[in-house]
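J.: This is run-v9.txt, which holds compact mmCIF, C-alpha atoms (C1' of nucleotides):
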# COMPACT_ATOMS: atom_id res chain seq x y z
CA MET A 1 148.47 58.14 64.34
CA ASN A 2 144.97 59.09 63.29
CA LYS A 3 144.71 62.24 61.25
CA PRO A 4 142.95 65.05 63.11
CA VAL A 5 140.79 66.02 60.17
CA THR A 6 139.48 63.69 57.51
CA TYR A 7 137.28 64.35 54.54
CA GLU A 8 134.81 61.90 53.10
CA LEU A 9 133.39 62.66 49.66
CA GLN A 10 129.82 61.52 50.06
CA HIS A 11 128.22 62.39 46.78
CA VAL A 12 128.91 64.07 43.46
CA CYS A 13 125.85 65.70 41.96
CA GLN A 14 125.10 63.99 38.65
CA GLN A 15 123.53 67.13 37.28
CA SER A 16 126.34 69.57 38.14
CA GLY A 17 129.44 67.78 39.43
CA ALA A 18 129.23 69.67 42.74
CA ARG A 19 130.35 67.85 45.90
CA ALA A 20 128.73 66.95 49.19
CA GLY A 21 131.06 65.69 51.87
CA LEU A 22 131.70 65.13 55.54
CA LEU A 23 134.59 66.69 57.40
CA THR A 24 135.47 64.95 60.66
CA THR A 25 137.40 66.94 63.28
CA PRO A 26 138.26 66.53 66.97
CA HIS A 27 135.24 68.70 67.79
CA GLY A 28 132.72 67.02 65.57
CA GLN A 29 131.63 66.59 62.00
CA ILE A 30 130.91 69.23 59.39
CA LYS A 31 128.56 68.67 56.51
CA THR A 32 129.85 70.31 53.35
CA PRO A 33 129.49 72.52 51.45
CA VAL A 34 129.62 74.86 54.43
CA TYR A 35 129.73 78.57 55.15
CA MET A 36 131.93 79.37 58.14
CA PRO A 37 131.00 82.53 60.07
CA VAL A 38 133.94 84.72 61.02
CA GLY A 39 134.80 85.43 64.63
CA THR A 40 138.01 87.40 64.29
CA GLN A 41 138.34 88.36 67.95
CA ALA A 42 137.21 84.99 69.33
CA VAL A 43 133.61 86.02 68.85
CA VAL A 44 131.28 86.38 65.90
CA LYS A 45 130.59 90.08 66.33
CA ALA A 46 127.37 90.67 68.28
CA MET A 47 126.67 86.94 68.67
CA THR A 48 126.88 84.36 71.45
CA SER A 49 127.87 80.71 71.05
CA PRO A 50 124.37 79.36 71.81
CA GLU A 51 122.94 81.71 69.20
CA MET A 52 125.48 80.51 66.65
CA LYS A 53 124.51 76.92 67.35
CA ALA A 54 120.84 77.76 67.13
CA LEU A 55 121.19 79.16 63.63
CA GLY A 56 123.05 76.08 62.48
CA ALA A 57 126.69 77.19 62.35
CA GLN A 58 128.93 74.12 62.18
CA ILE A 59 132.36 75.70 62.44
CA LEU A 60 133.72 79.18 63.19
CA LEU A 61 136.77 80.98 61.91
CA SER A 62 139.02 83.05 64.13
CA ASN A 63 142.18 85.02 63.56
CA THR A 64 145.79 84.47 64.56
CA TYR A 65 146.97 88.02 63.99
CA HIS A 66 144.29 89.67 66.09
CA LEU A 67 144.28 87.16 68.94
CA ASN A 68 148.05 87.28 69.17
CA LEU A 69 147.91 91.03 69.69
CA ARG A 70 145.00 90.84 72.11
CA PRO A 71 144.71 89.09 74.47
CA GLY A 72 147.84 87.17 73.39
CA SER A 73 148.06 83.49 72.51
CA GLN A 74 149.53 82.68 75.94
CA ILE A 75 146.38 83.92 77.63
CA ILE A 76 144.21 81.75 75.42
CA LYS A 77 146.52 78.79 75.95
CA ALA A 78 146.26 79.35 79.70
CA ALA A 79 142.48 79.49 79.39
CA GLY A 80 142.61 75.97 78.03
CA GLY A 81 142.60 76.85 74.35
CA LEU A 82 140.37 78.85 72.07
CA HIS A 83 137.39 76.51 72.33
CA ARG A 84 137.17 76.89 76.08
CA PHE A 85 138.12 80.56 76.03
CA MET A 86 135.16 81.42 73.80
CA ALA A 87 132.87 78.63 75.01
CA TRP A 88 132.43 77.05 71.58
CA ASP A 89 132.75 73.28 71.55
CA LEU A 90 132.25 72.74 67.82
CA PRO A 91 135.09 72.99 65.28
CA ILE A 92 137.20 76.14 64.82
CA LEU A 93 139.54 77.16 62.01
CA THR A 94 142.18 79.84 62.54
CA ASP A 95 143.49 82.01 59.75
CA SER A 96 147.25 82.36 59.77
CA GLY A 97 147.72 86.11 59.63
CA GLY A 98 148.65 85.86 55.97
CA PHE A 99 145.74 88.02 54.93
CA GLN A 100 146.85 90.78 57.30
CA VAL A 101 150.13 90.87 55.37
CA PHE A 102 147.95 91.86 52.46
CA SER A 103 145.38 94.11 54.09
CA LEU A 104 147.88 95.93 56.28
CA ALA A 105 150.39 96.18 53.42
CA GLU A 106 151.28 99.78 54.23
CA LEU A 107 152.29 98.79 57.74
CA ASN A 108 154.55 95.89 56.98
CA LYS A 109 157.68 94.71 55.24
CA ILE A 110 157.91 91.25 53.75
CA THR A 111 161.19 89.34 53.65
CA GLU A 112 161.99 85.70 53.09
CA GLU A 113 162.14 85.24 56.85
CA GLY A 114 158.63 86.56 57.42
CA VAL A 115 156.70 89.78 57.80
CA ALA A 116 157.64 92.71 60.00
CA PHE A 117 154.35 94.30 61.03
CA ARG A 118 153.65 97.57 62.67
CA ASN A 119 151.21 96.60 65.37
CA HIS A 120 148.07 98.48 64.35
CA LEU A 121 147.11 99.03 67.98
CA ASP A 122 150.20 100.73 69.36
CA GLY A 123 152.65 100.95 66.46
CA SER A 124 155.21 98.59 67.98
CA ALA A 125 157.25 96.27 65.77
CA LEU A 126 156.15 92.68 65.40
CA LEU A 127 157.64 89.87 63.36
CA MET A 128 155.47 87.05 62.10
CA THR A 129 157.04 84.08 60.38
CA PRO A 130 155.69 80.73 59.22
CA GLU A 131 157.12 79.28 62.41
CA SER A 132 155.62 81.86 64.75
CA SER A 133 152.25 81.64 63.03
CA MET A 134 152.32 77.88 63.60
CA GLN A 135 153.34 78.34 67.23
CA ILE A 136 150.50 80.78 67.84
CA GLN A 137 147.93 78.64 66.05
CA GLN A 138 149.00 75.58 68.01
CA ASP A 139 148.62 77.58 71.22
CA LEU A 140 145.14 78.63 70.13
CA GLY A 141 144.34 75.01 69.41
CA ALA A 142 141.80 75.26 66.61
CA ASP A 143 140.84 72.10 64.73
CA ILE A 144 142.22 73.52 61.51
CA ALA A 145 145.20 75.84 61.16
CA MET A 146 146.09 77.65 57.95
CA ALA A 147 149.54 78.01 56.40
CA PHE A 148 151.17 81.44 56.52
CA ASP A 149 150.98 82.69 52.94
CA VAL A 150 151.56 85.71 50.72
CA CYS A 151 148.40 87.06 49.15
CA SER A 152 148.96 88.93 45.86
CA PRO A 153 146.94 92.05 45.13
CA TYR A 154 144.69 92.70 42.14
CA PRO A 155 145.95 93.58 39.65
CA CYS A 156 149.39 92.00 39.96
CA ALA A 157 152.27 91.73 37.46
CA TYR A 158 153.13 88.18 36.45
CA GLU A 159 156.63 88.20 37.92
CA ASP A 160 155.34 89.54 41.25
CA ALA A 161 152.56 86.98 41.34
CA LYS A 162 155.05 84.21 40.60
CA ALA A 163 157.40 85.42 43.34
CA ASP A 164 154.54 85.62 45.87
CA MET A 165 153.40 82.14 44.91
CA GLU A 166 156.85 80.61 45.17
CA ARG A 167 157.40 82.21 48.55
CA THR A 168 154.02 80.89 49.63
CA HIS A 169 155.17 77.40 48.67
CA ARG A 170 158.44 77.73 50.59
CA TRP A 171 156.56 79.05 53.58
CA ALA A 172 154.03 76.21 53.29
CA MET A 173 156.89 73.74 53.67
CA ARG A 174 158.24 75.65 56.67
CA CYS A 175 154.74 75.66 58.19
CA LYS A 176 154.52 71.92 57.70
CA ASP A 177 157.88 71.39 59.37
CA ALA A 178 156.97 73.63 62.29
CA HIS A 179 153.53 72.16 62.80
CA LYS A 180 153.59 69.41 65.44
CA ARG A 181 150.22 69.35 67.10
CA PRO A 182 148.64 65.95 66.40
CA ASP A 183 145.05 67.01 67.08
CA GLN A 184 145.13 69.90 64.63
CA ALA A 185 145.10 69.84 60.83
CA LEU A 186 147.19 72.23 58.74
CA PHE A 187 145.81 73.37 55.39
CA GLY A 188 148.06 74.67 52.61
CA ILE A 189 147.01 77.70 50.59
CA VAL A 190 147.00 78.01 46.80
CA GLN A 191 148.13 81.36 45.40
CA GLY A 192 149.08 82.55 41.91
CA ALA A 193 147.01 85.70 41.55
CA PHE A 194 145.10 85.80 38.25
CA TYR A 195 147.29 83.63 36.06
CA LYS A 196 145.94 80.19 35.28
CA ASP A 197 149.35 78.59 34.83
CA LEU A 198 150.49 79.87 38.21
CA ARG A 199 147.27 78.72 39.84
CA ILE A 200 147.73 75.25 38.36
CA THR A 201 151.38 75.11 39.40
CA SER A 202 150.42 76.18 42.90
CA ALA A 203 147.68 73.57 43.18
CA GLN A 204 150.02 70.83 41.96
CA THR A 205 152.93 71.90 44.16
CA LEU A 206 150.82 72.02 47.30
CA SER A 207 149.09 68.75 46.46
CA GLN A 208 152.47 67.07 46.42
CA MET A 209 153.07 68.32 49.96
CA ASP A 210 150.03 66.27 50.98
CA PHE A 211 148.06 68.60 53.21
CA PRO A 212 144.77 67.37 54.76
CA GLY A 213 142.98 70.28 53.06
CA TYR A 214 143.60 73.21 50.77
CA GLY A 215 142.80 76.87 51.02
CA ILE A 216 142.35 78.86 47.85
CA GLY A 217 143.69 82.29 48.68
CA GLY A 218 144.14 85.56 46.86
CA LEU A 219 140.69 85.66 45.32
CA SER A 220 137.87 88.13 45.98
CA VAL A 221 140.41 90.88 46.43
CA GLY A 222 138.75 93.26 43.98
CA GLU A 223 138.71 91.34 40.70
CA PRO A 224 135.55 90.80 38.63
CA LYS A 225 133.70 87.65 39.54
CA ASP A 226 134.22 86.06 36.13
CA ILE A 227 137.95 86.12 36.65
CA MET A 228 137.60 84.47 40.03
CA TYR A 229 135.47 81.72 38.49
CA GLU A 230 138.03 81.19 35.72
CA MET A 231 140.75 80.70 38.30
CA LEU A 232 138.67 78.20 40.23
CA GLU A 233 137.93 76.23 37.08
CA ALA A 234 141.61 76.15 36.22
CA LEU A 235 143.05 75.12 39.56
CA ILE A 236 140.51 72.89 41.29
CA PRO A 237 140.98 69.92 38.93
CA HIS A 238 144.60 69.88 40.15
CA LEU A 239 143.66 69.45 43.80
CA PRO A 240 143.13 65.97 45.24
CA VAL A 241 139.53 64.77 45.12
CA ASN A 242 139.62 63.31 48.61
CA LYS A 243 140.60 66.51 50.42
CA PRO A 244 138.47 69.55 51.27
CA ARG A 245 138.84 72.81 49.32
CA TYR A 246 138.33 76.09 51.13
CA LEU A 247 137.75 79.28 49.14
CA MET A 248 138.99 81.96 51.49
CA GLY A 249 137.08 85.15 52.06
CA VAL A 250 134.24 84.53 49.65
CA GLY A 251 130.77 85.16 50.84
CA THR A 252 128.21 86.75 48.54
CA PRO A 253 125.33 84.34 47.99
CA ASP A 254 125.97 84.01 44.26
CA CYS A 255 129.71 83.52 44.73
CA LEU A 256 129.07 80.75 47.26
CA LEU A 257 126.89 78.84 44.83
CA GLU A 258 129.25 79.41 41.92
CA GLY A 259 132.10 78.19 44.09
CA VAL A 260 130.22 75.05 45.10
CA LEU A 261 129.43 74.43 41.44
CA ARG A 262 133.17 74.44 40.71
CA GLY A 263 134.07 72.05 43.52
CA VAL A 264 134.59 74.19 46.62
CA ASP A 265 133.59 72.73 50.00
CA MET A 266 134.21 75.53 52.50
CA PHE A 267 133.82 79.31 52.58
CA ASP A 268 134.21 82.09 55.08
CA CYS A 269 133.32 85.73 54.83
CA VAL A 270 132.83 88.79 57.00
CA LEU A 271 130.33 90.26 54.58
CA ALA A 272 127.21 88.86 56.23
CA THR A 273 128.02 90.22 59.68
CA ARG A 274 129.62 93.43 58.46
CA ILE A 275 126.70 94.56 56.32
CA ALA A 276 124.32 93.42 59.05
CA ARG A 277 125.76 95.90 61.51
CA ASN A 278 125.16 98.65 58.98
CA GLY A 279 121.56 97.69 58.33
CA THR A 280 121.71 95.57 55.17
CA VAL A 281 120.29 92.05 55.09
CA LEU A 282 120.30 89.23 52.56
CA THR A 283 117.08 87.65 51.37
CA ARG A 284 116.14 85.25 48.60
CA HIS A 285 115.08 88.32 46.62
CA GLY A 286 118.45 90.02 46.99
CA ARG A 287 119.89 92.53 49.37
CA LEU A 288 117.53 94.62 51.44
CA VAL A 289 118.77 97.83 53.03
CA VAL A 290 116.42 97.77 55.98
CA ARG A 291 117.86 101.11 57.10
CA ASN A 292 116.08 102.78 54.17
CA ALA A 293 113.07 104.97 54.85
CA ARG A 294 110.78 102.81 52.71
CA TYR A 295 110.67 100.26 55.55
CA LYS A 296 109.64 102.77 58.20
CA ALA A 297 106.14 101.30 58.49
CA ASP A 298 106.76 97.87 56.95
CA PHE A 299 105.64 95.29 59.50
CA ALA A 300 106.61 92.23 57.48
CA PRO A 301 109.63 90.17 58.59
CA LEU A 302 113.02 90.84 56.99
CA GLU A 303 112.40 87.84 54.75
CA GLU A 304 109.02 86.19 54.41
CA GLY A 305 109.26 82.52 55.35
CA CYS A 306 112.69 82.75 57.01
CA ASP A 307 113.03 80.60 60.14
CA CYS A 308 115.58 82.77 61.94
CA TYR A 309 114.90 84.27 65.36
CA THR A 310 114.67 87.78 63.94
CA CYS A 311 112.15 86.94 61.25
CA LEU A 312 110.05 84.88 63.65
CA HIS A 313 109.74 87.73 66.14
CA HIS A 314 110.37 91.12 64.57
CA SER A 315 109.32 93.39 61.73
CA ARG A 316 111.37 95.39 59.24
CA ALA A 317 110.01 98.57 60.83
CA TYR A 318 111.27 97.50 64.25
CA VAL A 319 114.69 96.41 63.00
CA ARG A 320 115.00 99.66 61.03
CA HIS A 321 114.12 101.63 64.13
CA LEU A 322 116.85 99.87 66.11
CA ILE A 323 119.43 100.36 63.37
CA ASN A 324 118.57 104.02 62.89
CA THR A 325 118.70 104.76 66.61
CA GLY A 326 122.05 103.03 66.91
CA GLU A 327 120.77 100.33 69.24
CA ILE A 328 123.20 97.39 69.31
CA THR A 329 120.33 94.93 69.14
CA GLY A 330 119.61 96.17 65.62
CA GLY A 331 122.99 94.90 64.43
CA ARG A 332 122.45 91.70 66.37
CA LEU A 333 119.09 90.98 64.79
CA CYS A 334 120.44 91.63 61.28
CA SER A 335 123.48 89.45 62.00
CA ILE A 336 121.28 86.60 63.19
CA HIS A 337 119.28 86.80 59.99
CA ASN A 338 122.25 87.07 57.61
CA LEU A 339 124.12 84.21 59.25
CA ARG A 340 121.03 82.06 59.13
CA TYR A 341 120.46 83.04 55.50
CA LEU A 342 123.92 81.88 54.37
CA THR A 343 123.77 78.78 56.54
CA ARG A 344 120.42 77.87 55.06
CA LEU A 345 121.66 78.62 51.53
CA MET A 346 124.43 76.06 52.04
CA GLU A 347 122.11 73.53 53.69
CA GLY A 348 119.89 73.80 50.66
CA ALA A 349 122.86 73.47 48.32
CA ARG A 350 123.99 70.28 50.06
CA GLN A 351 120.52 68.80 49.89
CA ALA A 352 120.25 69.66 46.20
CA ILE A 353 123.61 68.03 45.52
CA LEU A 354 122.55 64.86 47.33
CA GLU A 355 119.44 64.82 45.15
CA ASP A 356 121.34 65.51 41.91
CA ARG A 357 119.56 68.78 41.22
CA PHE A 358 122.14 71.43 42.07
CA LEU A 359 121.91 73.17 38.68
CA ASP A 360 118.19 73.62 39.31
CA TYR A 361 119.00 75.00 42.75
CA ILE A 362 121.30 77.65 41.25
CA LYS A 363 118.77 78.44 38.55
CA ASP A 364 116.05 78.91 41.14
CA PHE A 365 118.38 81.14 43.14
CA TYR A 366 119.09 83.46 40.22
CA ALA A 367 115.42 83.53 39.22
CA LEU A 368 114.55 85.22 42.51
CA PHE A 369 117.73 87.00 43.57
CA ASP A 370 117.97 90.57 42.28
CA MET A 371 121.60 90.94 41.23
CA ARG A 372 121.37 94.68 40.67
CA GLY A 373 123.77 96.27 43.07
CA ALA A 374 124.37 92.91 44.67
CA PHE A 375 128.04 93.32 45.55
CA ASN A 376 129.17 93.48 41.96
CA ARG A 377 132.67 94.37 41.08
CA GLY A 378 134.64 95.89 38.26
CA GLU A 379 133.43 94.64 34.90
CA ASP A 380 130.39 93.00 36.45
CA GLN A 381 128.63 96.34 36.56
C1' G B 1 105.63 148.87 81.68
C1' U B 2 111.25 149.84 81.52
C1' G B 3 116.10 148.11 80.20
C1' G B 4 119.02 144.37 77.92
C1' G B 5 119.64 140.02 74.85
C1' U B 6 118.46 136.53 70.88
C1' G B 7 116.00 135.58 66.04
C1' U B 8 120.48 132.22 59.92
C1' A B 9 119.05 124.52 57.24
C1' G B 10 114.73 119.90 60.85
C1' U B 11 117.99 121.23 65.24
C1' U B 12 122.28 123.55 67.91
C1' C B 13 125.14 127.29 66.18
C1' A B 14 129.30 129.93 63.00
C1' G B 15 129.32 133.94 59.74
C1' U B 16 130.40 142.39 62.05
C1' G B 17 129.71 145.79 54.18
C1' G B 18 132.12 142.29 48.93
C1' U B 19 131.76 135.70 44.16
C1' U B 20 126.84 131.03 44.51
C1' A B 21 125.60 132.03 53.32
C1' G B 22 128.67 127.43 56.19
C1' A B 23 129.62 123.46 60.25
C1' G B 24 128.16 119.56 63.87
C1' C B 25 124.03 116.57 64.81
C1' G B 26 119.62 114.83 62.40
C1' C B 27 117.42 113.32 57.69
C1' C B 28 118.11 110.73 52.80
C1' A B 29 121.05 107.51 49.90
C1' G B 30 125.51 104.66 48.44
C1' A B 31 129.65 101.35 49.82
C1' U B 32 131.15 96.88 52.52
C1' U B 33 134.02 89.43 50.12
C1' G B 34 140.60 84.88 54.60
C1' U B 35 137.17 92.20 59.67
C1' G B 36 142.63 97.98 61.54
C1' G B 37 135.06 99.17 60.59
C1' C B 38 128.96 101.32 66.62
C1' U B 39 133.00 102.32 59.90
C1' C B 40 133.54 104.96 55.23
C1' U B 41 131.48 108.06 51.05
C1' G B 42 127.96 111.16 49.01
C1' G B 43 123.24 114.04 48.81
C1' A B 44 118.98 117.02 49.93
C1' A B 45 117.80 120.97 52.79
C1' G B 46 117.77 128.21 54.31
C1' U B 47 112.23 134.19 50.86
C1' C B 48 119.16 134.89 56.90
C1' G B 49 111.73 136.62 61.89
C1' U B 50 108.84 140.57 59.08
C1' G B 51 108.51 145.52 56.69
C1' G B 52 111.06 149.78 55.34
C1' G B 53 115.72 152.60 54.78
C1' U B 54 121.24 153.72 53.86
C1' U B 55 124.81 151.85 50.11
C1' C B 56 127.66 150.31 43.78
C1' A B 57 126.82 146.21 47.28
C1' A B 58 123.20 144.32 53.49
C1' C B 59 122.90 137.94 57.14
C1' U B 60 126.12 142.15 58.44
C1' C B 61 124.62 149.26 59.30
C1' C B 62 119.89 152.35 60.61
C1' C B 63 114.41 152.61 61.81
C1' A B 64 109.94 150.18 62.82
C1' U B 65 107.50 145.81 64.02
C1' C B 66 106.68 140.68 65.74
C1' A B 67 108.30 136.40 68.66
C1' C B 68 111.09 134.32 72.56
C1' C B 69 114.52 134.83 76.86
C1' C B 70 116.65 137.54 81.15
C1' A B 71 116.64 141.47 84.76
C1' C B 72 114.01 145.28 87.14
C1' C B 73 109.29 147.66 88.24
For this file, write the structure as structure tokens.

T.:
Amino acid sequence: MNKPVTYELQHVCQQSGARAGLLTTPHGQIKTPVYMPVGTQAVVKAMTSPEMKALGAQILLSNTYHLNLRPGSQIIKAAGGLHRFMAWDLPILTDSGGFQVFSLAELNKITEEGVAFRNHLDGSALLMTPESSMQIQQDLGADIAMAFDVCSPYPCAYEDAKADMERTHRWAMRCKDAHKRPDQALFGIVQGAFYKDLRITSAQTLSQMDFPGYGIGGLSVGEPKDIMYEMLEALIPHLPVNKPRYLMGVGTPDCLLEGVLRGVDMFDCVLATRIARNGTVLTRHGRLVVRNARYKADFAPLEEGCDCYTCLHHSRAYVRHLINTGEITGGRLCSIHNLRYLTRLMEGARQAILEDRFLDYIKDFYALFDMRGAFNRGEDQ
RNA sequence: GUGGGUGUAGUUCAGUGGUUAGAGCGCCAGAUUGUGGCUCUGGAAGUCGUGGGUUCAACUCCCAUCACCCACC
């Protein structure tokens, strides 16, 4: 039986060691490194599928937990699967619900069997297990499903981190046993909080289970960036070279490039679309809060030279006006720009890797990008 | 012209003798990393229409005056 998702390592940058690859799925190929826009509720907020294609998105992420609550995985299955339901014929990856165990921690109880959630919509009880997550994800029918994991918080005591990691490994095996769909790949997820030895153990343990790809979970949960980079450097050498690595939830421009530098192939993040709806955009010069009064009469595009729809047609003053009057198109225009920005950042990274000049690419990025107030955390300040 | 009403932050309004006059909206700024987010947090902003008076103390009570609104001539 052919594997549903295969990874081909196309080139290793001689200057940096970063990777360029090709991910082949039932719904087409993905050139890596890649940023995956997030469409939690079977839609990238404010965007349509043709618009996502136009800005160069290769694959979208959607969410098991949310879609299972509404409209329900049976509805999406009846619609002919998630691709048809949301009219997106390129690849999709579904998150397992594991992150909701973390982010909705006050509303759930974790046992070895699974997680008892309080439904955040109506308060009703809901049990999610590795098996049920697999069932739901197979009903949704994405190209890539993620294992149901336990994401440790930051900070986290060693014994707790170890217990979360070991449970994640047991659940990964249960996910593998429960996963039957031949046209869908299942990725395992590395945990281990902020302890290098645990991260290495997790990478080795999951590698032995032979998944077609590996998520790196539990990072960008509030820790300083340096610590995240240390963890990546420790664990990635213990993942197989011929499988894709997906750093979950990471999405500031600098973190994307630093991740690529350390061997990551895939990223997803809500940041670009979330800040867009609140009037902040990303540019090569750093973040730009277009909502601010200084742009009231600024008729330049959001980012000079950007090829996105927004920058080709509209001014900062206009976008600011729409944001400040609460017009939904304001959030749309900022989303279009931010998604295009990150997509283009990754396209440029891939090209630089293929041409063995990725270190120069990063250097050029930092030379222009104003890091002051650029989503820093903790000790980064 | 007569009678009544209203004048407090940019705006709509609270505040009927007692620290440094408040709220919503607006304005300004900050936050946002596997989305419980048209969200969250903070800030600036008022000679209380004006001028007198009573009082230990006045946005508050009294007088005058100005502006606006309503009713009636």

J.: Tell me, as a VMD selection string, which residues lie within 12 Å of B:G30, counting all atoms listed in the file; anything in the same chain fewer than 5 positions away does not count.

T.: (chain A and resid 280 289 292 373 375) or (chain B and resid 40 to 43)

J.: Would you mind listing what lies within 10 Å of B:G7 as a tab-separated table (two decimals) with C-alpha atoms (C1' of nucleotides), keeping the file's coordinate frame, with only C-alpha atoms (C1' of nucleotides) counted and same-chain residues fewer than 5 positions away left out?

T.:
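Below is the file out.tsv, written as the result:
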chain	number	residue	atom	x	y	z
B	48	C	C1'	119.16	134.89	56.90
B	49	G	C1'	111.73	136.62	61.89
B	67	A	C1'	108.30	136.40	68.66
B	68	C	C1'	111.09	134.32	72.56

J.: Tell me, as a list in words, which residues lie within 8 Å of A:Arg350, counting all atoms listed in the file; anything in the same chain fewer than 3 positions away does not count.

T.: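 Counting all atoms listed in the file, the residues come to Arg19, Ala20, Thr32, Pro33, Met346, Glu347, Ile353 and Leu354 of chain A.
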
J.: Go ahead and save the picked residues with C-alpha atoms, as a compact mmCIF listing (two decimals), in the coordinates of the input.

T.:
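Final output, again-v4.txt:
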# COMPACT_ATOMS: atom_id res chain seq x y z
CA ARG A 19 130.35 67.85 45.90
CA ALA A 20 128.73 66.95 49.19
CA THR A 32 129.85 70.31 53.35
CA PRO A 33 129.49 72.52 51.45
CA MET A 346 124.43 76.06 52.04
CA GLU A 347 122.11 73.53 53.69
CA ILE A 353 123.61 68.03 45.52
CA LEU A 354 122.55 64.86 47.33

J.: In Å, how far is it from atom CA of A:Cys311 to atom CA of A:Trp88?

T.: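 For atom CA of A:Cys311 relative to atom CA of A:Trp88, the distance reads 24.8 Å.
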
J.: One number please: atom CA of A:Ser335 to atom CA of A:Ala142, in Å, one decimal.

T.: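 For atom CA of A:Ser335 relative to atom CA of A:Ala142, the distance reads 23.6 Å.
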
J.: Between A:Gly217, A:Gly17, A:Pro71, A:Gly123, single out the one closest to A:Phe99, counting all atoms listed in the file.

T.: A:Gly217

J.: Hey, list the chain A side of the contact with chain B: 8 Å cut-off, only C-alpha atoms (C1' of nucleotides), answer as a list in words.

T.: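 Taking only C-alpha atoms (C1' of nucleotides) into account, Thr40, Asp95, Phe99, Leu104, His120, Leu121, Gly217, Ser220, Val221, Met248, Gly249, Val250, Gly251, Thr252, Asp268, Cys269, Val270, Leu271, Arg274, Ile275, Ala293, Gly326 and Ile328 of chain A sit within 8 Å of chain B.
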
J.: Adding 3 Å on each side of the box along x, y and z that holds all listed atoms of stretch 21-26 of chain B, could you give its centre and edge lengths in Å to one decimal, as lines of an AutoDock Vina configuration file?

T.:
center_x = 124.6
center_y = 123.4
center_z = 59.1
size_x = 16.0
size_y = 23.2
size_z = 17.5

J.: Report the distance between atom CA of A:Tyr65 and atom CA of A:Leu140 in Å, rounded to one decimal place.

T.: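 Going from atom CA of A:Tyr65 over to atom CA of A:Leu140 covers 11.4 Å.
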
J.: Looking at B:U65, B:A45, B:C72, B:U55, which one is nearest to B:G17, with distances taken over only C-alpha atoms (C1' of nucleotides)?

T.: B:U55

J.: Which residues are near A:Cys156? Cut-off 8 Å, all atoms listed in the file, ignore same chain within fewer than 3 positions. Put them as an MDAnalysis selection string.

T.: chainID A and resid 152:153 160:161 193:194

J.: Please work out which residues fall within 10 Å of (123.1, 132.6, 60.8), coordinates as given in the file, with only C-alpha atoms (C1' of nucleotides) counting, and return them as a CSV table (one decimal) with C-alpha atoms (C1' of nucleotides), in the frame of the given file.

T.:
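Now in out_11.csv:
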chain,number,residue,atom,x,y,z
B,7,G,C1',116.0,135.6,66.0
B,8,U,C1',120.5,132.2,59.9
B,9,A,C1',119.0,124.5,57.2
B,13,C,C1',125.1,127.3,66.2
B,14,A,C1',129.3,129.9,63.0
B,15,G,C1',129.3,133.9,59.7
B,21,A,C1',125.6,132.0,53.3
B,22,G,C1',128.7,127.4,56.2
B,46,G,C1',117.8,128.2,54.3
B,48,C,C1',119.2,134.9,56.9
B,59,C,C1',122.9,137.9,57.1
